[in-house]
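One file, coords-v7.cif, is given below (mmCIF, C-alpha atoms and all ligand atoms).
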data_entry
loop_
_atom_site.label_atom_id
_atom_site.label_comp_id
_atom_site.auth_asym_id
_atom_site.auth_seq_id
_atom_site.Cartn_x
_atom_site.Cartn_y
_atom_site.Cartn_z
CA MET A 813 -80.71 -102.92 -87.34
CA LEU A 814 -80.22 -100.91 -84.17
CA PHE A 815 -77.03 -98.86 -84.11
CA ILE A 816 -75.40 -99.21 -80.67
CA GLY A 817 -71.93 -97.71 -81.13
CA ARG A 818 -68.51 -98.45 -82.55
CA GLU A 819 -66.04 -101.12 -81.71
CA LYS A 820 -62.89 -99.80 -80.10
CA VAL A 821 -59.70 -101.42 -81.30
CA ARG A 822 -56.36 -100.21 -79.94
CA GLU A 823 -57.72 -96.83 -78.78
CA LYS A 824 -59.42 -96.26 -82.15
CA LEU A 825 -63.13 -96.46 -82.84
CA GLU A 826 -63.67 -98.69 -85.82
CA ASP A 827 -66.68 -100.63 -87.14
CA ASP A 828 -70.24 -99.64 -86.38
CA GLN A 829 -72.05 -102.19 -84.23
CA TYR A 830 -75.68 -103.15 -84.66
CA ILE A 831 -78.30 -105.36 -83.05
CA ASP A 832 -80.68 -107.11 -85.39
CA ALA A 833 -84.16 -106.16 -84.16
CA SER A 834 -85.95 -108.51 -86.54
CA LYS A 835 -84.97 -111.31 -84.16
CA SER A 836 -86.00 -111.63 -80.51
CA HIS A 837 -83.43 -110.91 -77.85
CA ALA A 838 -82.76 -111.02 -74.15
CA ILE A 839 -80.13 -108.33 -73.62
CA PHE A 840 -78.28 -107.59 -70.43
CA ILE A 841 -76.52 -104.26 -70.00
CA CYS A 842 -74.08 -104.20 -67.14
CA GLY A 843 -71.39 -101.95 -65.80
CA LYS A 844 -70.34 -99.91 -62.81
CA ARG A 845 -72.38 -97.09 -61.29
CA GLY A 846 -72.62 -94.18 -63.67
CA SER A 847 -71.01 -96.08 -66.54
CA GLY A 848 -73.92 -95.44 -68.93
CA LYS A 849 -76.26 -98.43 -68.52
CA SER A 850 -79.48 -96.41 -68.51
CA TYR A 851 -78.17 -94.22 -71.33
CA THR A 852 -77.38 -97.28 -73.46
CA MET A 853 -80.87 -98.59 -72.81
CA GLY A 854 -82.27 -95.23 -73.91
CA VAL A 855 -80.22 -95.48 -77.13
CA LEU A 856 -81.81 -98.86 -77.88
CA VAL A 857 -85.31 -97.50 -77.25
CA GLU A 858 -84.69 -94.53 -79.56
CA GLU A 859 -83.26 -96.71 -82.30
CA LEU A 860 -86.28 -98.98 -82.05
CA GLN A 861 -88.71 -96.06 -82.13
CA GLU A 862 -87.02 -94.81 -85.31
CA LYS A 863 -86.64 -98.12 -87.09
CA HIS A 864 -89.53 -100.19 -85.76
CA PRO A 865 -92.29 -97.79 -84.75
CA ASP A 866 -94.74 -100.69 -84.96
CA PHE A 867 -93.16 -102.58 -82.02
CA LEU A 868 -94.52 -101.98 -78.53
CA LYS A 869 -91.84 -100.41 -76.34
CA ILE A 870 -92.26 -100.40 -72.60
CA ILE A 871 -89.73 -99.06 -70.13
CA ILE A 872 -89.94 -100.06 -66.48
CA ASP A 873 -88.47 -96.98 -64.90
CA PRO A 874 -87.77 -97.22 -61.15
CA MET A 875 -85.78 -93.95 -61.11
CA GLY A 876 -88.27 -91.77 -63.00
CA ILE A 877 -85.68 -90.62 -65.56
CA PHE A 878 -86.91 -91.79 -68.94
CA TRP A 879 -89.50 -89.04 -69.51
CA THR A 880 -86.45 -87.03 -70.64
CA MET A 881 -86.69 -88.84 -73.98
CA ALA A 882 -89.41 -86.33 -74.80
CA GLU A 883 -86.76 -83.57 -74.75
CA LEU A 884 -84.06 -82.70 -77.27
CA ASN A 885 -80.58 -83.67 -76.06
CA ILE A 886 -79.21 -80.16 -76.51
CA GLU A 887 -76.35 -80.74 -74.03
CA GLN A 888 -74.73 -83.36 -76.23
CA GLU A 889 -75.71 -81.85 -79.58
CA GLU A 890 -72.13 -81.34 -80.75
CA GLU A 891 -71.07 -84.86 -79.77
CA LEU A 892 -74.07 -86.21 -81.66
CA TRP A 893 -72.98 -84.36 -84.81
CA ASP A 894 -69.56 -86.06 -84.51
CA TRP A 895 -71.40 -89.37 -84.75
CA ASN A 896 -73.57 -88.27 -87.70
CA LEU A 897 -76.53 -88.17 -85.32
CA TYR A 898 -78.73 -85.28 -84.28
CA ALA A 899 -80.75 -84.39 -81.21
CA ARG A 900 -84.26 -85.78 -81.39
CA GLU A 901 -87.28 -85.86 -79.17
CA TYR A 902 -89.61 -88.84 -78.94
CA PRO A 903 -93.29 -89.14 -78.06
CA VAL A 904 -93.55 -90.36 -74.47
CA LYS A 905 -96.52 -91.78 -72.64
CA LEU A 906 -95.93 -91.62 -68.90
CA ILE A 907 -97.79 -94.45 -67.23
CA VAL A 908 -98.38 -93.85 -63.56
CA PRO A 909 -99.59 -96.56 -61.17
CA GLY A 910 -102.46 -95.00 -59.25
CA GLU A 911 -103.97 -91.57 -59.63
CA VAL A 912 -101.70 -89.13 -61.43
CA GLU A 913 -102.87 -86.18 -59.27
CA LYS A 914 -101.92 -88.03 -56.08
CA ARG A 915 -98.51 -89.15 -57.32
CA PHE A 916 -97.35 -85.91 -58.96
CA ASP A 917 -97.47 -82.30 -57.99
CA SER A 918 -99.90 -80.49 -60.36
CA GLU A 919 -97.23 -78.02 -61.50
CA VAL A 920 -94.96 -80.90 -62.49
CA VAL A 921 -97.79 -82.51 -64.46
CA LYS A 922 -98.45 -79.25 -66.28
CA GLU A 923 -94.79 -78.74 -67.09
CA LEU A 924 -94.41 -82.30 -68.41
CA GLU A 925 -97.61 -81.99 -70.44
CA ASN A 926 -96.17 -78.80 -71.98
CA LYS A 927 -93.28 -80.95 -73.18
CA GLY A 928 -95.79 -83.11 -75.03
CA ILE A 929 -95.84 -85.96 -72.52
CA GLU A 930 -99.15 -87.78 -72.24
CA PHE A 931 -100.10 -89.08 -68.78
CA LYS A 932 -101.95 -92.31 -68.34
CA GLN A 933 -103.11 -93.85 -65.08
CA LEU A 934 -102.54 -97.54 -64.53
CA LEU A 935 -104.87 -99.26 -62.11
CA LEU A 936 -104.59 -102.96 -61.33
CA ASN A 937 -107.42 -105.44 -61.18
CA PRO A 938 -107.35 -107.18 -57.77
CA SER A 939 -108.59 -110.24 -59.65
CA ASP A 940 -105.38 -110.35 -61.73
CA ILE A 941 -103.53 -111.43 -58.59
CA SER A 942 -103.67 -115.10 -57.69
CA PRO A 943 -104.57 -116.29 -54.16
CA GLU A 944 -100.84 -117.02 -53.58
CA GLY A 945 -100.00 -113.56 -54.95
CA TRP A 946 -102.26 -111.90 -52.37
CA CYS A 947 -100.50 -113.82 -49.57
CA ASP A 948 -97.09 -112.82 -50.99
CA LEU A 949 -98.18 -109.21 -51.25
CA PHE A 950 -98.84 -109.08 -47.51
CA ASN A 951 -95.88 -111.31 -46.74
CA ILE A 952 -98.18 -113.89 -45.17
CA ASN A 953 -97.21 -117.55 -45.06
CA ILE A 954 -99.71 -119.59 -47.01
CA ASN A 955 -99.53 -122.43 -44.44
CA GLU A 956 -100.40 -120.28 -41.45
CA MET A 957 -103.89 -119.29 -40.26
CA MET A 958 -103.99 -115.89 -41.95
CA GLY A 959 -102.57 -117.30 -45.18
CA ILE A 960 -105.09 -120.15 -45.22
CA ALA A 961 -108.00 -117.75 -44.65
CA LEU A 962 -106.84 -115.25 -47.28
CA TYR A 963 -106.14 -117.97 -49.83
CA ARG A 964 -109.58 -119.47 -49.26
CA ALA A 965 -111.35 -116.10 -49.56
CA VAL A 966 -109.61 -115.09 -52.80
CA ASP A 967 -109.84 -118.56 -54.29
CA SER A 968 -113.60 -118.70 -53.73
CA ILE A 969 -114.21 -115.59 -55.88
CA SER A 970 -111.34 -115.92 -58.34
CA LYS A 971 -113.39 -117.07 -61.32
CA LYS A 972 -114.34 -113.53 -62.32
CA PHE A 973 -113.50 -109.88 -61.59
CA PHE A 974 -113.51 -108.95 -57.89
CA THR A 975 -112.62 -105.92 -55.80
CA ILE A 976 -110.83 -105.68 -52.46
CA ASP A 977 -114.24 -105.16 -50.82
CA ASP A 978 -115.32 -108.51 -52.25
CA ILE A 979 -112.35 -110.19 -50.52
CA ILE A 980 -113.24 -108.42 -47.26
CA TYR A 981 -116.84 -109.63 -47.60
CA GLU A 982 -115.65 -113.23 -48.07
CA ILE A 983 -113.41 -113.00 -45.01
CA GLU A 984 -116.19 -111.54 -42.89
CA ARG A 985 -118.45 -114.48 -43.65
CA ASP A 986 -115.72 -117.07 -43.17
CA THR A 987 -116.94 -119.39 -40.39
CA LYS A 988 -113.75 -121.44 -40.09
CA SER A 989 -111.32 -118.69 -39.04
CA LYS A 990 -110.86 -116.99 -35.67
CA GLU A 991 -112.10 -113.41 -35.27
CA THR A 992 -108.57 -112.12 -34.59
CA THR A 993 -107.28 -113.72 -37.81
CA LYS A 994 -110.14 -112.16 -39.77
CA GLU A 995 -109.56 -108.77 -38.21
CA ALA A 996 -105.84 -108.83 -38.99
CA LEU A 997 -106.58 -109.68 -42.62
CA ILE A 998 -109.27 -107.04 -42.98
CA ASN A 999 -106.85 -104.42 -41.62
CA ARG A 1000 -104.33 -105.35 -44.27
CA LEU A 1001 -106.91 -105.28 -47.04
CA ASN A 1002 -108.14 -101.85 -45.93
CA MET A 1003 -104.54 -100.69 -46.01
CA ALA A 1004 -104.19 -102.03 -49.57
CA LYS A 1005 -107.21 -99.97 -50.59
CA LYS A 1006 -105.34 -96.87 -49.47
CA TRP A 1007 -102.38 -97.65 -51.74
CA GLY A 1008 -104.57 -96.23 -54.50
CA ILE A 1009 -103.50 -98.63 -57.23
CA PHE A 1010 -106.40 -101.09 -57.29
CA ALA A 1011 -109.40 -100.75 -59.57
CA ASP A 1012 -113.00 -100.83 -58.38
CA GLU A 1013 -114.17 -101.68 -61.87
CA GLU A 1014 -112.46 -104.01 -64.30
CA ILE A 1015 -109.62 -102.32 -66.20
CA GLN A 1016 -108.50 -103.35 -69.66
CA ILE A 1017 -104.70 -103.01 -69.58
CA GLU A 1018 -104.47 -102.84 -73.38
CA SER A 1019 -105.98 -99.34 -73.31
CA VAL A 1020 -102.94 -98.13 -71.36
CA PHE A 1021 -100.14 -99.03 -73.79
CA SER A 1022 -99.75 -98.00 -77.41
CA THR A 1023 -97.22 -98.20 -80.21
CA ASN A 1024 -97.36 -94.52 -81.17
CA ALA A 1025 -95.20 -93.52 -78.18
CA VAL A 1026 -92.55 -94.90 -75.87
CA ASN A 1027 -94.47 -96.27 -72.88
CA VAL A 1028 -92.65 -95.32 -69.70
CA VAL A 1029 -94.01 -97.00 -66.56
CA ASP A 1030 -92.88 -94.57 -63.86
CA LEU A 1031 -92.40 -96.53 -60.64
CA SER A 1032 -90.44 -93.79 -58.91
CA THR A 1033 -93.55 -92.51 -57.18
CA ILE A 1034 -94.03 -95.81 -55.33
CA GLU A 1035 -91.67 -96.28 -52.41
CA SER A 1036 -89.48 -99.22 -53.36
CA GLY A 1037 -89.82 -101.05 -50.05
CA ARG A 1038 -93.55 -100.74 -49.86
CA HIS A 1039 -95.04 -104.22 -49.76
CA GLY A 1040 -93.57 -105.22 -53.07
CA LEU A 1041 -95.87 -102.80 -54.91
CA ARG A 1042 -93.37 -102.09 -57.66
CA ASP A 1043 -92.95 -105.82 -58.14
CA LEU A 1044 -96.67 -106.24 -58.28
CA VAL A 1045 -97.03 -103.68 -61.08
CA VAL A 1046 -94.22 -105.31 -63.06
CA SER A 1047 -95.62 -108.79 -62.56
CA ILE A 1048 -99.15 -107.87 -63.67
CA VAL A 1049 -97.99 -105.88 -66.69
CA SER A 1050 -95.53 -108.62 -67.74
CA LYS A 1051 -98.09 -111.40 -67.36
CA TYR A 1052 -100.62 -109.46 -69.37
CA LEU A 1053 -98.16 -108.70 -72.20
CA PHE A 1054 -96.86 -112.25 -72.20
CA ASN A 1055 -100.32 -113.78 -72.55
CA GLN A 1056 -101.50 -111.28 -75.14
CA ARG A 1057 -98.40 -111.85 -77.23
CA LEU A 1058 -98.85 -115.63 -77.10
CA LYS A 1059 -102.40 -115.23 -78.42
CA SER A 1060 -101.31 -112.75 -81.10
CA ARG A 1061 -98.52 -115.01 -82.23
CA LYS A 1062 -101.01 -117.79 -82.80
CA ARG A 1063 -103.19 -115.46 -84.87
CA GLU A 1064 -100.19 -114.28 -86.92
CA MET A 1065 -99.25 -117.87 -87.71
CA LEU A 1066 -102.77 -118.37 -89.06
CA ASN A 1067 -102.49 -115.14 -91.09
CA LEU A 1068 -105.13 -113.48 -88.93
CA GLU A 1069 -104.84 -109.87 -87.85
CA SER A 1070 -102.52 -109.55 -84.84
CA LYS A 1071 -103.94 -107.88 -81.73
CA MET A 1072 -100.56 -106.94 -80.28
CA SER A 1073 -97.26 -106.32 -82.04
CA LYS A 1074 -93.92 -107.60 -80.83
CA VAL A 1075 -92.98 -106.32 -77.41
CA TRP A 1076 -89.67 -104.90 -76.23
CA MET A 1077 -89.65 -104.49 -72.48
CA PHE A 1078 -86.80 -102.52 -70.94
CA ILE A 1079 -86.15 -102.90 -67.22
CA ASP A 1080 -83.77 -100.43 -65.66
CA GLU A 1081 -82.24 -101.46 -62.32
CA ALA A 1082 -83.40 -105.04 -62.89
CA HIS A 1083 -82.02 -106.32 -59.57
CA ASN A 1084 -85.19 -104.89 -58.01
CA PHE A 1085 -87.34 -107.36 -59.91
CA ILE A 1086 -85.08 -110.35 -60.53
CA PRO A 1087 -82.67 -110.35 -57.60
CA SER A 1088 -80.41 -113.32 -57.06
CA GLY A 1089 -81.22 -115.56 -54.11
CA LYS A 1090 -84.57 -113.94 -53.28
CA SER A 1091 -88.05 -114.40 -54.64
CA THR A 1092 -90.26 -111.49 -55.71
CA LEU A 1093 -93.74 -111.28 -57.20
CA SER A 1094 -92.35 -110.50 -60.65
CA LYS A 1095 -89.41 -112.90 -60.77
CA GLU A 1096 -91.21 -116.00 -62.02
CA ILE A 1097 -92.86 -114.30 -65.00
CA LEU A 1098 -89.65 -112.46 -65.97
CA ILE A 1099 -87.67 -115.71 -65.94
CA ARG A 1100 -90.37 -117.27 -68.10
CA TRP A 1101 -90.27 -114.27 -70.44
CA ALA A 1102 -86.49 -114.62 -70.84
CA LYS A 1103 -86.74 -118.39 -71.39
CA GLU A 1104 -89.80 -118.63 -73.63
CA GLY A 1105 -90.01 -115.18 -75.19
CA ARG A 1106 -88.07 -115.81 -78.39
CA GLN A 1107 -90.83 -117.54 -80.31
CA PRO A 1108 -93.68 -115.12 -79.52
CA GLY A 1109 -91.47 -112.04 -80.10
CA LEU A 1110 -91.03 -110.96 -76.49
CA ASN A 1111 -87.79 -109.07 -75.96
CA LEU A 1112 -86.27 -108.27 -72.61
CA ILE A 1113 -83.58 -105.71 -71.98
CA ALA A 1114 -82.29 -105.33 -68.44
CA THR A 1115 -79.64 -103.19 -66.80
CA GLN A 1116 -77.77 -103.80 -63.57
CA GLN A 1117 -74.49 -104.82 -62.03
CA PRO A 1118 -74.01 -108.48 -63.07
CA SER A 1119 -73.70 -109.96 -59.59
CA ALA A 1120 -77.07 -108.63 -58.43
CA VAL A 1121 -79.28 -110.27 -61.04
CA ASP A 1122 -80.57 -113.82 -60.95
CA ASN A 1123 -78.44 -116.32 -62.86
CA GLU A 1124 -81.42 -117.99 -64.46
CA VAL A 1125 -82.19 -114.79 -66.40
CA LEU A 1126 -78.55 -114.00 -67.07
CA SER A 1127 -77.99 -117.42 -68.60
CA GLN A 1128 -80.86 -116.79 -71.05
CA CYS A 1129 -79.40 -113.54 -72.40
CA ASP A 1130 -78.12 -113.78 -75.96
CA ILE A 1131 -76.42 -110.38 -75.84
CA ILE A 1132 -74.47 -108.95 -72.92
CA LEU A 1133 -73.32 -105.36 -73.22
CA HIS A 1134 -70.62 -104.82 -70.65
CA ILE A 1135 -69.77 -101.16 -70.25
CA ARG A 1136 -66.27 -101.08 -68.88
CA LEU A 1137 -65.06 -97.51 -68.93
CA PRO A 1138 -66.62 -94.44 -67.40
CA ILE A 1139 -67.74 -91.85 -69.94
CA GLY A 1140 -64.98 -89.36 -70.68
CA LYS A 1141 -62.32 -92.04 -70.84
CA MET A 1142 -63.68 -93.77 -73.91
N1 LIG B 1201 -72.84 -93.46 -74.74
C1 LIG B 1201 -72.88 -92.28 -74.11
N2 LIG B 1201 -72.63 -91.15 -74.77
C2 LIG B 1201 -72.64 -89.97 -74.14
N3 LIG B 1201 -72.94 -89.79 -72.84
C3 LIG B 1201 -73.20 -90.86 -72.12
C4 LIG B 1201 -73.19 -92.19 -72.71
N4 LIG B 1201 -73.49 -93.08 -71.75
C5 LIG B 1201 -73.69 -92.36 -70.63
N5 LIG B 1201 -73.50 -91.06 -70.84
C6 LIG B 1201 -73.62 -90.01 -69.78
O1 LIG B 1201 -73.07 -90.55 -68.57
C7 LIG B 1201 -73.89 -90.28 -67.45
C8 LIG B 1201 -74.19 -91.55 -66.66
O2 LIG B 1201 -74.98 -92.44 -67.45
P1 LIG B 1201 -76.13 -93.36 -66.88
O3 LIG B 1201 -77.02 -92.63 -65.96
O4 LIG B 1201 -76.74 -94.02 -68.06
O5 LIG B 1201 -75.29 -94.42 -66.05
P2 LIG B 1201 -75.79 -95.71 -65.27
O6 LIG B 1201 -74.76 -96.76 -65.48
O7 LIG B 1201 -77.17 -96.01 -65.62
O8 LIG B 1201 -75.71 -95.18 -63.77
P3 LIG B 1201 -76.39 -95.79 -62.45
O9 LIG B 1201 -75.59 -97.00 -62.08
O10 LIG B 1201 -76.26 -94.69 -61.46
O11 LIG B 1201 -77.81 -96.13 -62.81
C9 LIG B 1201 -75.14 -89.61 -67.97
O12 LIG B 1201 -75.13 -88.26 -67.59
C10 LIG B 1201 -75.08 -89.73 -69.47
O13 LIG B 1201 -75.49 -88.53 -70.08
MG MG B 1202 -78.91 -96.13 -64.44
#

The structure given in the file should be rewritten as structure tokens.
Amino acid sequence: MLFIGREKVREKLEDDQYIDASKSHAIFICGKRGSGKSYTMGVLVEELQEKHPDFLKIIIDPMGIFWTMAELNIEQEEELWDWNLYAREYPVKLIVPGEVEKRFDSEVVKELENKGIEFKQLLLNPSDISPEGWCDLFNININEMMGIALYRAVDSISKKFFTIDDIIYEIERDTKSKETTKEALINRLNMAKKWGIFADEEIQIESVFSTNAVNVVDLSTIESGRHGLRDLVVSIVSKYLFNQRLKSRKREMLNLESKMSKVWMFIDEAHNFIPSGKSTLSKEILIRWAKEGRQPGLNLIATQQPSAVDNEVLSQCDIILHIRLPIGKM
């Protein structure tokens, strides 16, 4: 049972409130700016780490704030005592898309490592992106010349691992497309190489995440508008976890050793990934996760103002935490 606070009845705080973590949930935390959405999400992560260290906890962190879980909350120590709680620090693994040295200043890395934070680089396999996904990534219409050529190139090599250079090679030897189309595509692919998040050799994503720490995927170092890169990271990670958990669930039902424990994925500022009225690379898999995740033990916890998140996900949430009052007035 995860302790989330106390019910307030007529200005008095009364019964303790809990969420049963033995069941799967889709939880939506909403409220005004600065009302405590991210903080509440942090509380859930900490409770899980204490009570279910065996579950895999992954935070999608667009603001780059959750590494602070590795520090003691000294500022609020007295308030914590009032609640029979105490300041605690948690093991944090900071997962950085791309090369850590390029995304963070070396002094910052050193300082964070001194706080016990472990850095882990996350590279993406170009072959984990479907032919349609590559077109979406470059915002190219699949029915136009460039889209047709790119789809064809990726599709022809999609049976096994491939690199961006392999796609370029396929485009170069394409005899059906015009030279200008090929050139425009190759320019885009060369640009994607410079983003620094694609692997040249096949990466096993499972080596990135572990249950002995809170896994914080720090997306703050990727500019949010940049070609849907944040979306791409979220979509690949979510698809991987979803598929692995489906396989593990099958094994568990047959009393075989499970390869991956239950997953709790926390998405702060979820409107970035599941906006209403707009498609993104990660939206489809997140909607599927919310709809089909209960059985395989896939939990989703999202924060955002209610109006900004897609209704399809909202309607799947079994718990909605609506934070109404700014802190200080509670
Ligand atoms: N339950 C709580 N107990 C004590 N302090 C809290 C609590 N919730 C939030 N706070 C404090 O309130 C401040 C704002 O919280 P937080 O950043 O979580 O808000 P938010 O709703 O995520 O804001 P934003 O919309 O800007 O993302 C933080 O400094 C945090 O320390
Ligand atoms: Mg927040």

All residues having an atom within 9 Å of ligand LIG 1201 (chain B) (only C-alpha atoms and all ligand atoms) as a tab-separated table (two decimals) with C-alpha atoms, in the frame of the given file:
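Generated output (pocket07.tsv):
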chain	number	residue	atom	x	y	z
A	816	ILE	CA	-75.40	-99.21	-80.67
A	817	GLY	CA	-71.93	-97.71	-81.13
A	841	ILE	CA	-76.52	-104.26	-70.00
A	842	CYS	CA	-74.08	-104.20	-67.14
A	843	GLY	CA	-71.39	-101.95	-65.80
A	844	LYS	CA	-70.34	-99.91	-62.81
A	845	ARG	CA	-72.38	-97.09	-61.29
A	846	GLY	CA	-72.62	-94.18	-63.67
A	847	SER	CA	-71.01	-96.08	-66.54
A	848	GLY	CA	-73.92	-95.44	-68.93
A	849	LYS	CA	-76.26	-98.43	-68.52
A	850	SER	CA	-79.48	-96.41	-68.51
A	851	TYR	CA	-78.17	-94.22	-71.33
A	852	THR	CA	-77.38	-97.28	-73.46
A	853	MET	CA	-80.87	-98.59	-72.81
A	854	GLY	CA	-82.27	-95.23	-73.91
A	855	VAL	CA	-80.22	-95.48	-77.13
A	875	MET	CA	-85.78	-93.95	-61.11
A	877	ILE	CA	-85.68	-90.62	-65.56
A	887	GLU	CA	-76.35	-80.74	-74.03
A	888	GLN	CA	-74.73	-83.36	-76.23
A	891	GLU	CA	-71.07	-84.86	-79.77
A	892	LEU	CA	-74.07	-86.21	-81.66
A	1080	ASP	CA	-83.77	-100.43	-65.66
A	1081	GLU	CA	-82.24	-101.46	-62.32
A	1115	THR	CA	-79.64	-103.19	-66.80
A	1116	GLN	CA	-77.77	-103.80	-63.57
A	1117	GLN	CA	-74.49	-104.82	-62.03
A	1135	ILE	CA	-69.77	-101.16	-70.25
A	1138	PRO	CA	-66.62	-94.44	-67.40
A	1139	ILE	CA	-67.74	-91.85	-69.94
A	1140	GLY	CA	-64.98	-89.36	-70.68

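What separates atom CA of A:Ser1073 from atom CA of A:Gln1056 is a distance of 9.5 Å.
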
Original post:
Which polymer residues have any atom within 10 Å of an atom of A:Gly1105, counting all atoms listed in the file, with same-chain residues fewer than 5 positions away left out, as a ChimeraX atom specification?
Top reply: /A:836-838,1054,1057-1058,1075,1098-1100,1110-1112

Subject >> Spatial neighbours of A:Glu1096, max dist 9 Å, all atoms listed in the file, sep filter under 4 positions, as a PyMOL selection string >> reply: chain A and resi 1047+1086+1091-1092+1100-1101

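Near (-103.8, -93.6, -57.2), the residues that fall inside 9 Å on the basis of all atoms listed in the file are Val908, Pro909, Gly910, Glu911, Val912, Glu913, Lys914, Arg915, Gln933, Leu934, Leu935, Lys1006, Trp1007, Gly1008, Ile1009 and Phe1010 of chain A.
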
Centre and edges of the stretch 1090-1105 of chain A box, axis-aligned, 3 Å extra per side, as AutoDock Vina command-line options:
--center_x -89.2 --center_y -114.6 --center_z -64.2 --size_x 15.2 --size_y 14.1 --size_z 27.9

**OP:** Can you work out which one of A:Leu1093, A:Ile1015, A:Ala1082, A:Ile929 has the shortest atom-to-atom distance to A:Cys947, counting all atoms listed in the file?
**Re:**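 Among A:Leu1093, A:Ile1015, A:Ala1082, A:Ile929, it is A:Leu1093 that comes nearest to A:Cys947.
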
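The spacing separating atom CA of A:Glu1014 from atom CA of A:Asn1055 amounts to 17.6 Å.
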
Subject >> Two-atom distance - atom CA of A:Asp977, atom CA of A:Ala965 (Å) >> reply: 11.4 Å
